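K.L.:
If it helps, the file is called upload07.pdb and holds PDB, C-alpha atoms:
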ATOM      1  CA  MET H1339      46.301  35.760 -28.168
ATOM      2  CA  LYS H1340      45.370  32.887 -25.895
ATOM      3  CA  ILE H1341      47.403  29.765 -26.718
ATOM      4  CA  PRO H1342      45.294  26.565 -26.726
ATOM      5  CA  LYS H1343      46.197  23.841 -24.243
ATOM      6  CA  PRO H1344      45.560  20.427 -25.814
ATOM      7  CA  SER H1345      45.077  17.370 -23.641
ATOM      8  CA  LEU H1346      48.093  15.194 -22.900
ATOM      9  CA  ASN H1347      46.262  12.201 -24.406
ATOM     10  CA  ALA H1348      45.781  14.055 -27.684
ATOM     11  CA  LEU H1349      49.454  15.038 -27.798
ATOM     12  CA  ARG H1350      50.564  11.457 -27.058
ATOM     13  CA  ALA H1351      48.246  10.083 -29.712
ATOM     14  CA  PHE H1352      49.567  12.488 -32.333
ATOM     15  CA  GLU H1353      53.250  11.954 -31.415
ATOM     16  CA  ALA H1354      52.891   8.163 -31.610
ATOM     17  CA  THR H1355      51.018   8.333 -34.921
ATOM     18  CA  ALA H1356      53.567  10.703 -36.447
ATOM     19  CA  ARG H1357      56.496   8.581 -35.260
ATOM     20  CA  LEU H1358      55.020   5.232 -36.286
ATOM     21  CA  ARG H1359      53.212   6.575 -39.370
ATOM     22  CA  SER H1360      50.197   4.492 -38.506
ATOM     23  CA  PHE H1361      47.051   4.953 -36.426
ATOM     24  CA  SER H1362      46.951   1.219 -35.780
ATOM     25  CA  GLU H1363      50.566   1.039 -34.586
ATOM     26  CA  ALA H1364      49.991   4.067 -32.364
ATOM     27  CA  ALA H1365      46.877   2.452 -30.910
ATOM     28  CA  ASN H1366      48.825  -0.736 -30.131
ATOM     29  CA  GLU H1367      51.617   1.201 -28.414
ATOM     30  CA  LEU H1368      49.198   3.276 -26.322
ATOM     31  CA  SER H1369      46.847   0.332 -25.599
ATOM     32  CA  VAL H1370      43.783   2.145 -26.944
ATOM     33  CA  THR H1371      41.565   1.682 -29.993
ATOM     34  CA  HIS H1372      42.296   2.888 -33.503
ATOM     35  CA  GLY H1373      39.229   5.120 -33.281
ATOM     36  CA  ALA H1374      40.404   6.726 -30.064
ATOM     37  CA  VAL H1375      43.733   7.697 -31.602
ATOM     38  CA  SER H1376      42.019   9.077 -34.702
ATOM     39  CA  ARG H1377      39.624  11.161 -32.602
ATOM     40  CA  HIS H1378      42.450  12.545 -30.454
ATOM     41  CA  VAL H1379      44.441  13.614 -33.513
ATOM     42  CA  ARG H1380      41.390  15.132 -35.187
ATOM     43  CA  SER H1381      40.518  17.098 -32.035
ATOM     44  CA  LEU H1382      44.095  18.370 -31.828
ATOM     45  CA  GLU H1383      43.983  19.550 -35.435
ATOM     46  CA  GLU H1384      40.646  21.304 -34.824
ATOM     47  CA  MET H1385      41.924  22.986 -31.657
ATOM     48  CA  LEU H1386      45.101  24.258 -33.371
ATOM     49  CA  GLY H1387      43.371  25.027 -36.656
ATOM     50  CA  ILE H1388      46.196  23.263 -38.519
ATOM     51  CA  GLN H1389      46.348  20.044 -40.526
ATOM     52  CA  LEU H1390      49.009  17.893 -38.871
ATOM     53  CA  LEU H1391      48.759  14.654 -40.854
ATOM     54  CA  HIS H1392      48.233  13.569 -44.446
ATOM     55  CA  ARG H1393      46.059  10.454 -44.463
ATOM     56  CA  ASN H1394      45.531   7.863 -47.175
ATOM     57  CA  ALA H1395      44.552   4.206 -47.356
ATOM     58  CA  HIS H1396      48.136   2.919 -47.081
ATOM     59  CA  SER H1397      50.098   5.316 -44.887
ATOM     60  CA  THR H1398      50.037   8.373 -42.656
ATOM     61  CA  HIS H1399      52.681  11.085 -42.702
ATOM     62  CA  THR H1400      53.084  14.529 -41.215
ATOM     63  CA  THR H1401      52.617  17.903 -42.808
ATOM     64  CA  PRO H1402      55.539  20.343 -42.328
ATOM     65  CA  GLN H1403      53.753  21.849 -39.300
ATOM     66  CA  GLY H1404      53.010  18.368 -37.967
ATOM     67  CA  ALA H1405      56.640  17.329 -38.327
ATOM     68  CA  ARG H1406      57.803  20.299 -36.233
ATOM     69  CA  LEU H1407      55.254  19.561 -33.520
ATOM     70  CA  ALA H1408      56.056  15.812 -33.518
ATOM     71  CA  GLU H1409      59.787  16.480 -33.120
ATOM     72  CA  GLY H1410      59.203  18.749 -30.137
ATOM     73  CA  LEU H1411      56.769  16.325 -28.523
ATOM     74  CA  SER H1412      59.157  13.371 -28.936
ATOM     75  CA  SER H1413      61.917  15.326 -27.195
ATOM     76  CA  ALA H1414      59.541  16.360 -24.417
ATOM     77  CA  PHE H1415      58.232  12.838 -23.771
ATOM     78  CA  ASN H1416      61.761  11.432 -23.799
ATOM     79  CA  LEU H1417      62.805  14.096 -21.287
ATOM     80  CA  ILE H1418      59.915  13.119 -19.012
ATOM     81  CA  GLN H1419      60.917   9.457 -19.209
ATOM     82  CA  THR H1420      64.555  10.310 -18.530
ATOM     83  CA  SER H1421      63.658  12.423 -15.511
ATOM     84  CA  ILE H1422      61.650   9.568 -14.023
ATOM     85  CA  GLU H1423      64.404   7.009 -14.641
ATOM     86  CA  GLN H1424      66.957   9.203 -12.879
ATOM     87  CA  LEU H1425      64.829   9.062  -9.730
ATOM     88  CA  ILE H1426      64.199   5.325  -9.769
ATOM     89  CA  SER H1427      66.958   2.714  -9.473
ATOM     90  CA  GLY H1428      65.308   0.155 -11.698
ATOM     91  CA  PRO H1429      66.631  -2.552 -14.028
ATOM     92  CA  ILE H1430      69.040  -1.927 -16.860
ATOM     93  CA  THR H1431      68.556  -3.495 -20.278
ATOM     94  CA  LEU H1432      71.213  -4.851 -22.637
ATOM     95  CA  SER H1433      70.268  -5.139 -26.303
ATOM     96  CA  CYS H1434      72.023  -7.602 -28.607
ATOM     97  CA  SER H1435      71.209  -9.906 -31.489
ATOM     98  CA  GLU H1436      69.839 -13.397 -30.945
ATOM     99  CA  SER H1437      73.124 -14.908 -32.139
ATOM    100  CA  ILE H1438      75.282 -12.866 -29.755
ATOM    101  CA  MET H1439      72.881 -13.705 -26.957
ATOM    102  CA  MET H1440      73.003 -17.446 -27.680
ATOM    103  CA  TYR H1441      76.688 -17.932 -28.487
ATOM    104  CA  TRP H1442      78.486 -15.158 -26.583
ATOM    105  CA  LEU H1443      76.435 -13.592 -23.799
ATOM    106  CA  ILE H1444      74.690 -16.563 -22.176
ATOM    107  CA  PRO H1445      77.937 -18.529 -21.605
ATOM    108  CA  ARG H1446      79.429 -15.469 -19.844
ATOM    109  CA  ILE H1447      76.578 -13.614 -18.150
ATOM    110  CA  SER H1448      76.902 -15.556 -14.890
ATOM    111  CA  ARG H1449      80.265 -13.830 -14.342
ATOM    112  CA  PHE H1450      78.564 -10.435 -14.460
ATOM    113  CA  ARG H1451      75.834 -11.533 -12.065
ATOM    114  CA  GLN H1452      78.425 -12.899  -9.637
ATOM    115  CA  ALA H1453      80.436  -9.667  -9.763
ATOM    116  CA  HIS H1454      77.357  -7.417  -9.546
ATOM    117  CA  PRO H1455      74.625  -9.363  -7.725
ATOM    118  CA  MET H1456      72.600  -6.223  -6.946
ATOM    119  CA  VAL H1457      72.224  -5.175 -10.598
ATOM    120  CA  ASP H1458      68.909  -6.175 -12.179
ATOM    121  CA  LEU H1459      70.043  -6.913 -15.740
ATOM    122  CA  ARG H1460      67.543  -7.659 -18.459
ATOM    123  CA  VAL H1461      68.100  -8.478 -22.133
ATOM    124  CA  ASN H1462      66.425  -7.192 -25.275
ATOM    125  CA  MET H1463      67.134  -9.448 -28.268
ATOM    126  CA  SER H1464      67.157  -7.212 -31.327
ATOM    127  CA  SER H1465      69.513  -5.901 -33.981
ATOM    128  CA  ARG H1466      67.333  -3.096 -35.312
ATOM    129  CA  LEU H1467      67.640   0.625 -34.612
ATOM    130  CA  GLU H1468      66.089   1.302 -31.208
ATOM    131  CA  ASP H1469      64.544   4.320 -29.578
ATOM    132  CA  PHE H1470      66.687   4.029 -26.448
ATOM    133  CA  ALA H1471      64.520   6.161 -24.188
ATOM    134  CA  ARG H1472      61.187   4.708 -25.257
ATOM    135  CA  GLU H1473      62.336   1.074 -25.106
ATOM    136  CA  ASN H1474      64.406   1.557 -21.930
ATOM    137  CA  ILE H1475      67.624   0.296 -23.557
ATOM    138  CA  SER H1476      70.705   1.036 -21.438
ATOM    139  CA  VAL H1477      73.486  -0.570 -23.513
ATOM    140  CA  ALA H1478      73.523  -2.251 -26.937
ATOM    141  CA  ILE H1479      76.139  -4.438 -28.648
ATOM    142  CA  ARG H1480      76.313  -3.488 -32.320
ATOM    143  CA  LEU H1481      78.643  -3.427 -35.315
ATOM    144  CA  SER H1482      80.479  -0.172 -35.923
ATOM    145  CA  THR H1483      78.872   0.223 -39.351
ATOM    146  CA  LYS H1484      75.343   0.517 -37.933
ATOM    147  CA  GLU H1485      73.759   3.954 -37.802
ATOM    148  CA  LEU H1486      73.979   5.369 -34.285
ATOM    149  CA  PRO H1487      70.717   6.607 -32.695
ATOM    150  CA  LYS H1488      70.874  10.301 -31.834
ATOM    151  CA  GLU H1489      70.312   9.614 -28.119
ATOM    152  CA  ALA H1490      73.204   7.133 -27.818
ATOM    153  CA  LEU H1491      76.952   7.341 -27.208
ATOM    154  CA  LYS H1492      79.275   4.991 -29.109
ATOM    155  CA  ILE H1493      82.387   3.099 -28.034
ATOM    156  CA  ASP H1494      84.296   0.995 -30.590
ATOM    157  CA  VAL H1495      85.655  -1.837 -28.439
ATOM    158  CA  VAL H1496      87.461  -4.425 -30.586
ATOM    159  CA  GLU H1497      87.989  -5.442 -34.179
ATOM    160  CA  GLU H1498      85.741  -8.211 -35.428
ATOM    161  CA  TRP H1499      87.683 -11.308 -36.503
ATOM    162  CA  ILE H1500      86.027 -13.419 -39.202
ATOM    163  CA  GLY H1501      86.725 -16.740 -40.876
ATOM    164  CA  PRO H1502      85.314 -19.998 -42.274
ATOM    165  CA  VAL H1503      84.374 -22.818 -39.910
ATOM    166  CA  CYS H1504      83.067 -26.352 -40.348
ATOM    167  CA  THR H1505      83.262 -29.715 -38.637
ATOM    168  CA  ALA H1506      86.565 -31.595 -38.711
ATOM    169  CA  GLU H1507      84.814 -34.418 -40.565
ATOM    170  CA  TYR H1508      83.573 -32.048 -43.269
ATOM    171  CA  MET H1509      87.010 -30.456 -43.625
ATOM    172  CA  HIS H1510      88.663 -33.832 -44.171
ATOM    173  CA  SER H1511      85.963 -35.261 -46.460
ATOM    174  CA  ALA H1512      86.024 -32.109 -48.635
ATOM    175  CA  ARG H1513      89.847 -32.102 -48.549
ATOM    176  CA  ILE H1514      90.023 -28.427 -47.544
ATOM    177  CA  GLN H1515      93.685 -27.414 -47.513
ATOM    178  CA  SER H1516      93.720 -24.063 -49.336
ATOM    179  CA  VAL H1517      91.320 -21.213 -50.004
ATOM    180  CA  GLU H1518      90.858 -22.497 -53.547
ATOM    181  CA  ASP H1519      89.437 -25.741 -52.125
ATOM    182  CA  LEU H1520      86.397 -23.828 -50.891
ATOM    183  CA  GLY H1521      85.214 -23.743 -54.497
ATOM    184  CA  ARG H1522      84.060 -27.354 -54.227
ATOM    185  CA  THR H1523      82.395 -27.009 -50.829
ATOM    186  CA  ARG H1524      78.926 -25.905 -49.776
ATOM    187  CA  LEU H1525      79.243 -22.299 -48.643
ATOM    188  CA  LEU H1526      76.706 -21.193 -46.028
ATOM    189  CA  ALA H1527      75.604 -17.571 -45.593
ATOM    190  CA  THR H1528      73.107 -15.412 -43.712
ATOM    191  CA  ARG H1529      70.585 -12.896 -45.000
ATOM    192  CA  THR H1530      71.589 -10.521 -42.220
ATOM    193  CA  ARG H1531      75.107 -10.217 -43.684
ATOM    194  CA  PRO H1532      75.004 -11.286 -47.337
ATOM    195  CA  LEU H1533      78.465  -9.854 -48.176
ATOM    196  CA  ALA H1534      80.336 -11.787 -45.467
ATOM    197  CA  TRP H1535      82.042 -14.203 -47.870
ATOM    198  CA  ALA H1536      83.010 -11.450 -50.311
ATOM    199  CA  GLU H1537      84.503  -9.426 -47.429
ATOM    200  CA  TRP H1538      86.489 -12.411 -46.184
ATOM    201  CA  PHE H1539      87.847 -13.331 -49.637
ATOM    202  CA  ARG H1540      88.831  -9.695 -50.223
ATOM    203  CA  THR H1541      90.546  -9.428 -46.836
ATOM    204  CA  CYS H1542      92.507 -12.621 -47.593
ATOM    205  CA  GLY H1543      93.648 -11.317 -50.989
ATOM    206  CA  HIS H1544      91.292 -13.478 -53.042
ATOM    207  CA  ALA H1545      88.892 -10.780 -54.197
ATOM    208  CA  ASN H1546      88.422 -12.420 -57.617
ATOM    209  CA  SER H1547      87.348 -15.792 -56.240
ATOM    210  CA  ARG H1548      84.009 -17.020 -57.535
ATOM    211  CA  ILE H1549      81.471 -17.254 -54.723
ATOM    212  CA  LYS H1550      78.557 -19.639 -54.954
ATOM    213  CA  ILE H1551      76.305 -19.800 -51.894
ATOM    214  CA  ALA H1552      74.681 -23.184 -51.302
ATOM    215  CA  ASP H1553      72.338 -22.193 -48.448
ATOM    216  CA  SER H1554      71.355 -18.894 -46.847
ATOM    217  CA  PHE H1555      69.847 -18.614 -43.367
ATOM    218  CA  ASP H1556      67.947 -15.863 -41.572
ATOM    219  CA  HIS H1557      70.351 -15.677 -38.628
ATOM    220  CA  PHE H1558      73.926 -16.556 -37.702
ATOM    221  CA  TYR H1559      72.796 -19.017 -35.044
ATOM    222  CA  LEU H1560      70.915 -21.043 -37.674
ATOM    223  CA  MET H1561      73.909 -21.013 -40.018
ATOM    224  CA  ILE H1562      76.276 -22.047 -37.224
ATOM    225  CA  GLN H1563      73.977 -24.925 -36.303
ATOM    226  CA  ALA H1564      73.951 -26.012 -39.960
ATOM    227  CA  ALA H1565      77.767 -26.005 -40.000
ATOM    228  CA  LYS H1566      77.844 -28.033 -36.772
ATOM    229  CA  CYS H1567      75.567 -30.585 -38.461
ATOM    230  CA  GLY H1568      78.051 -30.973 -41.336
ATOM    231  CA  LEU H1569      76.003 -29.124 -43.968
ATOM    232  CA  GLY H1570      78.873 -26.969 -45.215
ATOM    233  CA  VAL H1571      81.292 -24.148 -44.396
ATOM    234  CA  ALA H1572      80.060 -21.047 -42.561
ATOM    235  CA  ASN H1573      81.800 -17.664 -42.557
ATOM    236  CA  VAL H1574      81.350 -16.294 -39.049
ATOM    237  CA  PRO H1575      82.619 -13.787 -36.491
ATOM    238  CA  ARG H1576      85.050 -15.572 -34.176
ATOM    239  CA  MET H1577      83.227 -14.339 -31.069
ATOM    240  CA  LEU H1578      80.209 -16.489 -31.976
ATOM    241  CA  VAL H1579      82.123 -19.776 -32.356
ATOM    242  CA  ARG H1580      85.035 -19.494 -29.927
ATOM    243  CA  ASP H1581      83.465 -21.930 -27.462
ATOM    244  CA  ASP H1582      82.723 -24.442 -30.247
ATOM    245  CA  LEU H1583      86.301 -24.139 -31.486
ATOM    246  CA  ASN H1584      87.676 -24.724 -28.006
ATOM    247  CA  ALA H1585      85.399 -27.745 -27.600
ATOM    248  CA  GLY H1586      86.360 -29.155 -31.021
ATOM    249  CA  THR H1587      82.782 -29.041 -32.314
ATOM    250  CA  LEU H1588      83.972 -26.775 -35.126
ATOM    251  CA  VAL H1589      87.359 -26.130 -36.710
ATOM    252  CA  ALA H1590      88.718 -23.094 -38.553
ATOM    253  CA  PRO H1591      90.733 -24.328 -41.575
ATOM    254  CA  PHE H1592      92.396 -20.942 -42.182
ATOM    255  CA  GLY H1593      92.141 -19.263 -38.787
ATOM    256  CA  PHE H1594      90.634 -15.781 -38.638
ATOM    257  CA  VAL H1595      91.391 -12.344 -40.068
ATOM    258  CA  SER H1596      90.465  -8.874 -38.926
ATOM    259  CA  GLY H1597      87.387  -7.898 -40.919
ATOM    260  CA  PRO H1598      85.994  -4.498 -41.929
ATOM    261  CA  ASN H1599      83.815  -4.119 -38.827
ATOM    262  CA  LYS H1600      84.384  -3.343 -35.167
ATOM    263  CA  VAL H1601      82.276  -4.524 -32.267
ATOM    264  CA  SER H1602      80.802  -1.431 -30.618
ATOM    265  CA  LEU H1603      78.793  -0.528 -27.552
ATOM    266  CA  TRP H1604      75.973   1.983 -27.761
ATOM    267  CA  ILE H1605      75.299   3.625 -24.398
ATOM    268  CA  ALA H1606      72.010   5.438 -23.749
ATOM    269  CA  ALA H1607      73.066   9.022 -23.008
ATOM    270  CA  HIS H1608      70.413   9.480 -20.332
ATOM    271  CA  GLN H1609      71.601   6.349 -18.478
ATOM    272  CA  SER H1610      75.340   6.707 -19.009
ATOM    273  CA  THR H1611      76.041   8.004 -15.484
ATOM    274  CA  ARG H1612      74.059   5.330 -13.637
ATOM    275  CA  PRO H1613      76.379   3.086 -11.585
ATOM    276  CA  GLU H1614      74.624   0.009 -12.985
ATOM    277  CA  THR H1615      75.209   1.136 -16.572
ATOM    278  CA  ILE H1616      78.853   1.958 -15.853
ATOM    279  CA  ALA H1617      79.331  -1.511 -14.324
ATOM    280  CA  LEU H1618      77.783  -3.235 -17.348
ATOM    281  CA  GLU H1619      79.769  -1.111 -19.803
ATOM    282  CA  GLY H1620      83.048  -1.897 -18.055
ATOM    283  CA  TRP H1621      82.293  -5.606 -17.845
ATOM    284  CA  LEU H1622      81.362  -5.854 -21.538
ATOM    285  CA  ILE H1623      84.515  -4.004 -22.619
ATOM    286  CA  GLU H1624      86.675  -6.269 -20.465
ATOM    287  CA  GLU H1625      85.029  -9.464 -21.730
ATOM    288  CA  LEU H1626      85.122  -8.425 -25.395
ATOM    289  CA  GLN H1627      88.759  -7.337 -25.211
ATOM    290  CA  LYS H1628      89.783 -10.468 -23.359
ATOM    291  CA  ALA H1629      88.123 -12.689 -25.945
ATOM    292  CA  GLU H1630      88.642 -10.804 -29.193
ATOM    293  CA  ARG H1631      91.670  -8.528 -29.094
ATOM    294  CA  GLY H1632      94.513  -9.903 -31.185
ATOM    295  CA  GLN H1633      94.792 -13.055 -33.293
ATOM    296  CA  MET H1634      94.859 -16.408 -31.549
ATOM    297  CA  ASP H1635      95.887 -19.703 -33.056
ATOM    298  CA  LEU H1636      92.493 -21.276 -33.703
ATOM    299  CA  ARG H1637      93.512 -22.757 -37.010
ATOM    300  CA  ALA H1638      92.478 -26.377 -37.541
ATOM    301  CA  GLY H1639      95.232 -28.864 -37.100
TER
END
Could you take the file, read its structure, and then write that structure out as structure tokens?

P.N.:
Amino acid sequence: MKIPKPSLNALRAFEATARLRSFSEAANELSVTHGAVSRHVRSLEEMLGIQLLHRNAHSTHTTPQGARLAEGLSSAFNLIQTSIEQLISGPITLSCSESIMMYWLIPRISRFRQAHPMVDLRVNMSSRLEDFARENISVAIRLSTKELPKEALKIDVVEEWIGPVCTAEYMHSARIQSVEDLGRTRLLATRTRPLAWAEWFRTCGHANSRIKIADSFDHFYLMIQAAKCGLGVANVPRMLVRDDLNAGTLVAPFGFVSGPNKVSLWIAAHQSTRPETIALEGWLIEELQKAERGQMDLRAG
């Protein structure tokens, strides 16, 4: 039996639609029209004589046969991309959240550039689950509790130290001297980590403390800015406020404790042997360990 040979465009259109579960999203990724993607997928189904997608007004999902084909195509396209990258010494991309970028990476990145002036380092600001090969991510900074992509290697680097911070003026005006005093303060939180206060109270042996959040922000960097403006007490990872603590912009009334998370690096498996990736990995590990390993006396005086 002669096996049909679909066009590469049809296979790409189907793989993108199956992965994104949307003709429109696939069209955006491939820079073609919605109609073009739909026609490619329909022609592929007609050529194979198999229904590959279930379509309705709200979503698109694969049939069992479509799922098997989509999985194989994704692996094949990723392999093509990997093979090309291994031949070309292009830029490497570091992925981290906006807050880590603003408060930790930017103040330190010049040291990496000075040590490795020939490395073309770019940054992807995101905290979601990436497709490393498709988005050209080389290394990502993530919490250890995040689900690891199948094409990434994981290194747990340091424990994450957490604790409340506020301005010195707020600490004195609210008369914060013990953990119980937090009950009369404005507690600030983030929607990205809604259990941060509960985790800190539990770690400090105050699991039964009543927690009342005054304000919740979309990101840590917004919450930290609110704390710096005297709007309340923020519970934050120490790595995001170390420079503010050293400058006296913020104080930590109770110091910091080792929380339930670790700071991890995700390394793209297909880029793990590149000299540029190895240099970035080593530099990040050194910087994180230098800044975060072990308790330091950052308690407010």

K.L.:
Excluding Leu1560 of chain H and residues on its chain fewer than 4 positions from it, collect all residues at most 12 Å away from it, counting only C-alpha atoms, and give them as a PyMOL selection string.

P.N.:
chain H and resi 1436-1437+1440-1441+1526-1530+1553-1556+1564-1567+1569+1572+1574+1578

K.L.:
When you count only C-alpha atoms, which of these residues is closest to Ile1418 of chain H: H:Ala1471, H:Leu1486, H:Gln1403, H:Gly1597?

P.N.:
H:Ala1471

K.L.:
Would you list the contacts of Ala1629 of chain H as a VMD selection string, taking every protein, DNA or RNA residue within 12 Å and counting all atoms listed in the file, but skipping same-chain residues closer than 2 positions in sequence?

P.N.:
chain H and resid 1442 to 1443 1446 1495 to 1499 1575 to 1581 1601 1622 to 1627 1631 to 1634

K.L.:
With distances taken over all atoms listed in the file, which of H:Leu1432, H:Val1595, H:Phe1470, H:Arg1531 is nearest to Leu1417 of chain H?

P.N.:
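Smallest separation from Leu1417 of chain H among the options: H:Phe1470.
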
K.L.:
Pull out every residue that the PyMOL selection byres ((chain H and resi 1472) around 12) matches in the shown coordinates and put them as a PyMOL selection string.

P.N.:
chain H and resi 1354+1357+1367+1412-1420+1423+1468-1471+1473-1476+1489+1606+1608

K.L.:
Write out as an MDAnalysis selection string which residues come within 10 Å of segment 1387-1397 of chain H when counting only C-alpha atoms, dropping same-chain ones fewer than 3 positions away.

P.N.:
chainID H and resid 1352 1355:1356 1358:1361 1379:1384 1400:1408

K.L.:
So which one's closest to Leu1618 of chain H, H:Ala1534, H:Thr1541, H:Leu1349, H:Leu1603? Using all atoms listed in the file, please.

P.N.:
H:Leu1603

K.L.:
So, with all atoms listed in the file as the atoms that count, which of H:Thr1615, H:Glu1507, H:Asn1546, H:Gly1501 lies closest to Phe1594 of chain H?

P.N.:
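The shortest atom-to-atom distance to Phe1594 of chain H comes from H:Gly1501.
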
K.L.:
I need the residue set behind the PyMOL selection byres ((chain H and resi 1462) around 10) for this file; please write it as a short mmCIF file (atom, residue, chain, number, x, y, z; two decimals) with C-alpha atoms, in the frame of the given file.

P.N.:
data_model
loop_
_atom_site.label_atom_id
_atom_site.label_comp_id
_atom_site.auth_asym_id
_atom_site.auth_seq_id
_atom_site.Cartn_x
_atom_site.Cartn_y
_atom_site.Cartn_z
CA THR H 1431 68.56 -3.50 -20.28
CA LEU H 1432 71.21 -4.85 -22.64
CA SER H 1433 70.27 -5.14 -26.30
CA CYS H 1434 72.02 -7.60 -28.61
CA SER H 1435 71.21 -9.91 -31.49
CA GLU H 1436 69.84 -13.40 -30.94
CA MET H 1439 72.88 -13.70 -26.96
CA ARG H 1460 67.54 -7.66 -18.46
CA VAL H 1461 68.10 -8.48 -22.13
CA MET H 1463 67.13 -9.45 -28.27
CA SER H 1464 67.16 -7.21 -31.33
CA SER H 1465 69.51 -5.90 -33.98
CA GLU H 1473 62.34 1.07 -25.11
CA ASN H 1474 64.41 1.56 -21.93
CA ILE H 1475 67.62 0.30 -23.56
CA VAL H 1477 73.49 -0.57 -23.51
CA ALA H 1478 73.52 -2.25 -26.94
#

K.L.:
Tell me which residues the PyMOL selection byres ((chain H and resi 1512) around 12) grabs here, as JSON, numbers by chain.

P.N.:
{"H": [1504, 1505, 1506, 1507, 1508, 1509, 1510, 1511, 1513, 1514, 1515, 1516, 1518, 1519, 1520, 1521, 1522, 1523, 1524, 1525, 1568, 1569, 1570, 1571, 1591]}

K.L.:
Just checking: using only C-alpha atoms, which residue out of H:Val1375, H:Ile1444, H:Ile1493, H:Leu1386 ends up closest to Ile1479 of chain H?

P.N.:
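Among H:Val1375, H:Ile1444, H:Ile1493, H:Leu1386, it is H:Ile1493 that comes nearest to Ile1479 of chain H.
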
K.L.:
Write a file for segment 1569-1582 of chain H of the given structure; include N, CA, C and O atoms and format it as a PDB file, in the first residue's frame.

P.N.:
ATOM      1  N   LEU H1569       2.329  51.037  52.758  1.00  0.00           N
ATOM      2  CA  LEU H1569       0.931  50.602  52.729  1.00  0.00           C
ATOM      3  C   LEU H1569       0.669  49.352  53.558  1.00  0.00           C
ATOM      4  O   LEU H1569      -0.469  48.912  53.649  1.00  0.00           O
ATOM      5  N   GLY H1570       1.712  48.765  54.143  1.00  0.00           N
ATOM      6  CA  GLY H1570       1.492  47.579  54.959  1.00  0.00           C
ATOM      7  C   GLY H1570       2.721  46.700  55.029  1.00  0.00           C
ATOM      8  O   GLY H1570       3.841  47.139  54.747  1.00  0.00           O
ATOM      9  N   VAL H1571       2.494  45.422  55.397  1.00  0.00           N
ATOM     10  CA  VAL H1571       3.566  44.447  55.573  1.00  0.00           C
ATOM     11  C   VAL H1571       3.444  43.395  54.480  1.00  0.00           C
ATOM     12  O   VAL H1571       2.383  42.788  54.307  1.00  0.00           O
ATOM     13  N   ALA H1572       4.517  43.178  53.743  1.00  0.00           N
ATOM     14  CA  ALA H1572       4.531  42.193  52.660  1.00  0.00           C
ATOM     15  C   ALA H1572       5.329  40.970  53.077  1.00  0.00           C
ATOM     16  O   ALA H1572       6.361  41.084  53.733  1.00  0.00           O
ATOM     17  N   ASN H1573       4.845  39.794  52.698  1.00  0.00           N
ATOM     18  CA  ASN H1573       5.569  38.546  52.958  1.00  0.00           C
ATOM     19  C   ASN H1573       6.267  38.157  51.659  1.00  0.00           C
ATOM     20  O   ASN H1573       5.608  37.841  50.670  1.00  0.00           O
ATOM     21  N   VAL H1574       7.587  38.176  51.649  1.00  0.00           N
ATOM     22  CA  VAL H1574       8.315  38.056  50.389  1.00  0.00           C
ATOM     23  C   VAL H1574       9.497  37.100  50.483  1.00  0.00           C
ATOM     24  O   VAL H1574      10.033  36.871  51.565  1.00  0.00           O
ATOM     25  N   PRO H1575       9.941  36.564  49.347  1.00  0.00           N
ATOM     26  CA  PRO H1575      11.222  35.862  49.307  1.00  0.00           C
ATOM     27  C   PRO H1575      12.354  36.858  49.542  1.00  0.00           C
ATOM     28  O   PRO H1575      12.351  37.959  48.989  1.00  0.00           O
ATOM     29  N   ARG H1576      13.331  36.478  50.332  1.00  0.00           N
ATOM     30  CA  ARG H1576      14.432  37.379  50.666  1.00  0.00           C
ATOM     31  C   ARG H1576      15.200  37.823  49.434  1.00  0.00           C
ATOM     32  O   ARG H1576      15.674  38.959  49.358  1.00  0.00           O
ATOM     33  N   MET H1577      15.311  36.959  48.424  1.00  0.00           N
ATOM     34  CA  MET H1577      16.096  37.295  47.243  1.00  0.00           C
ATOM     35  C   MET H1577      15.540  38.513  46.504  1.00  0.00           C
ATOM     36  O   MET H1577      16.279  39.194  45.802  1.00  0.00           O
ATOM     37  N   LEU H1578      14.242  38.796  46.683  1.00  0.00           N
ATOM     38  CA  LEU H1578      13.644  39.928  45.976  1.00  0.00           C
ATOM     39  C   LEU H1578      13.836  41.255  46.705  1.00  0.00           C
ATOM     40  O   LEU H1578      13.642  42.316  46.098  1.00  0.00           O
ATOM     41  N   VAL H1579      14.187  41.222  47.997  1.00  0.00           N
ATOM     42  CA  VAL H1579      14.265  42.469  48.764  1.00  0.00           C
ATOM     43  C   VAL H1579      15.622  42.679  49.425  1.00  0.00           C
ATOM     44  O   VAL H1579      15.791  43.631  50.191  1.00  0.00           O
ATOM     45  N   ARG H1580      16.588  41.816  49.131  1.00  0.00           N
ATOM     46  CA  ARG H1580      17.889  41.930  49.783  1.00  0.00           C
ATOM     47  C   ARG H1580      18.501  43.312  49.568  1.00  0.00           C
ATOM     48  O   ARG H1580      19.022  43.923  50.505  1.00  0.00           O
ATOM     49  N   ASP H1581      18.437  43.828  48.340  1.00  0.00           N
ATOM     50  CA  ASP H1581      19.046  45.124  48.071  1.00  0.00           C
ATOM     51  C   ASP H1581      18.325  46.239  48.822  1.00  0.00           C
ATOM     52  O   ASP H1581      18.946  47.187  49.307  1.00  0.00           O
ATOM     53  N   ASP H1582      16.995  46.143  48.928  1.00  0.00           N
ATOM     54  CA  ASP H1582      16.233  47.143  49.691  1.00  0.00           C
ATOM     55  C   ASP H1582      16.551  47.062  51.177  1.00  0.00           C
ATOM     56  O   ASP H1582      16.588  48.082  51.875  1.00  0.00           O
TER      57      ASP H1582
END
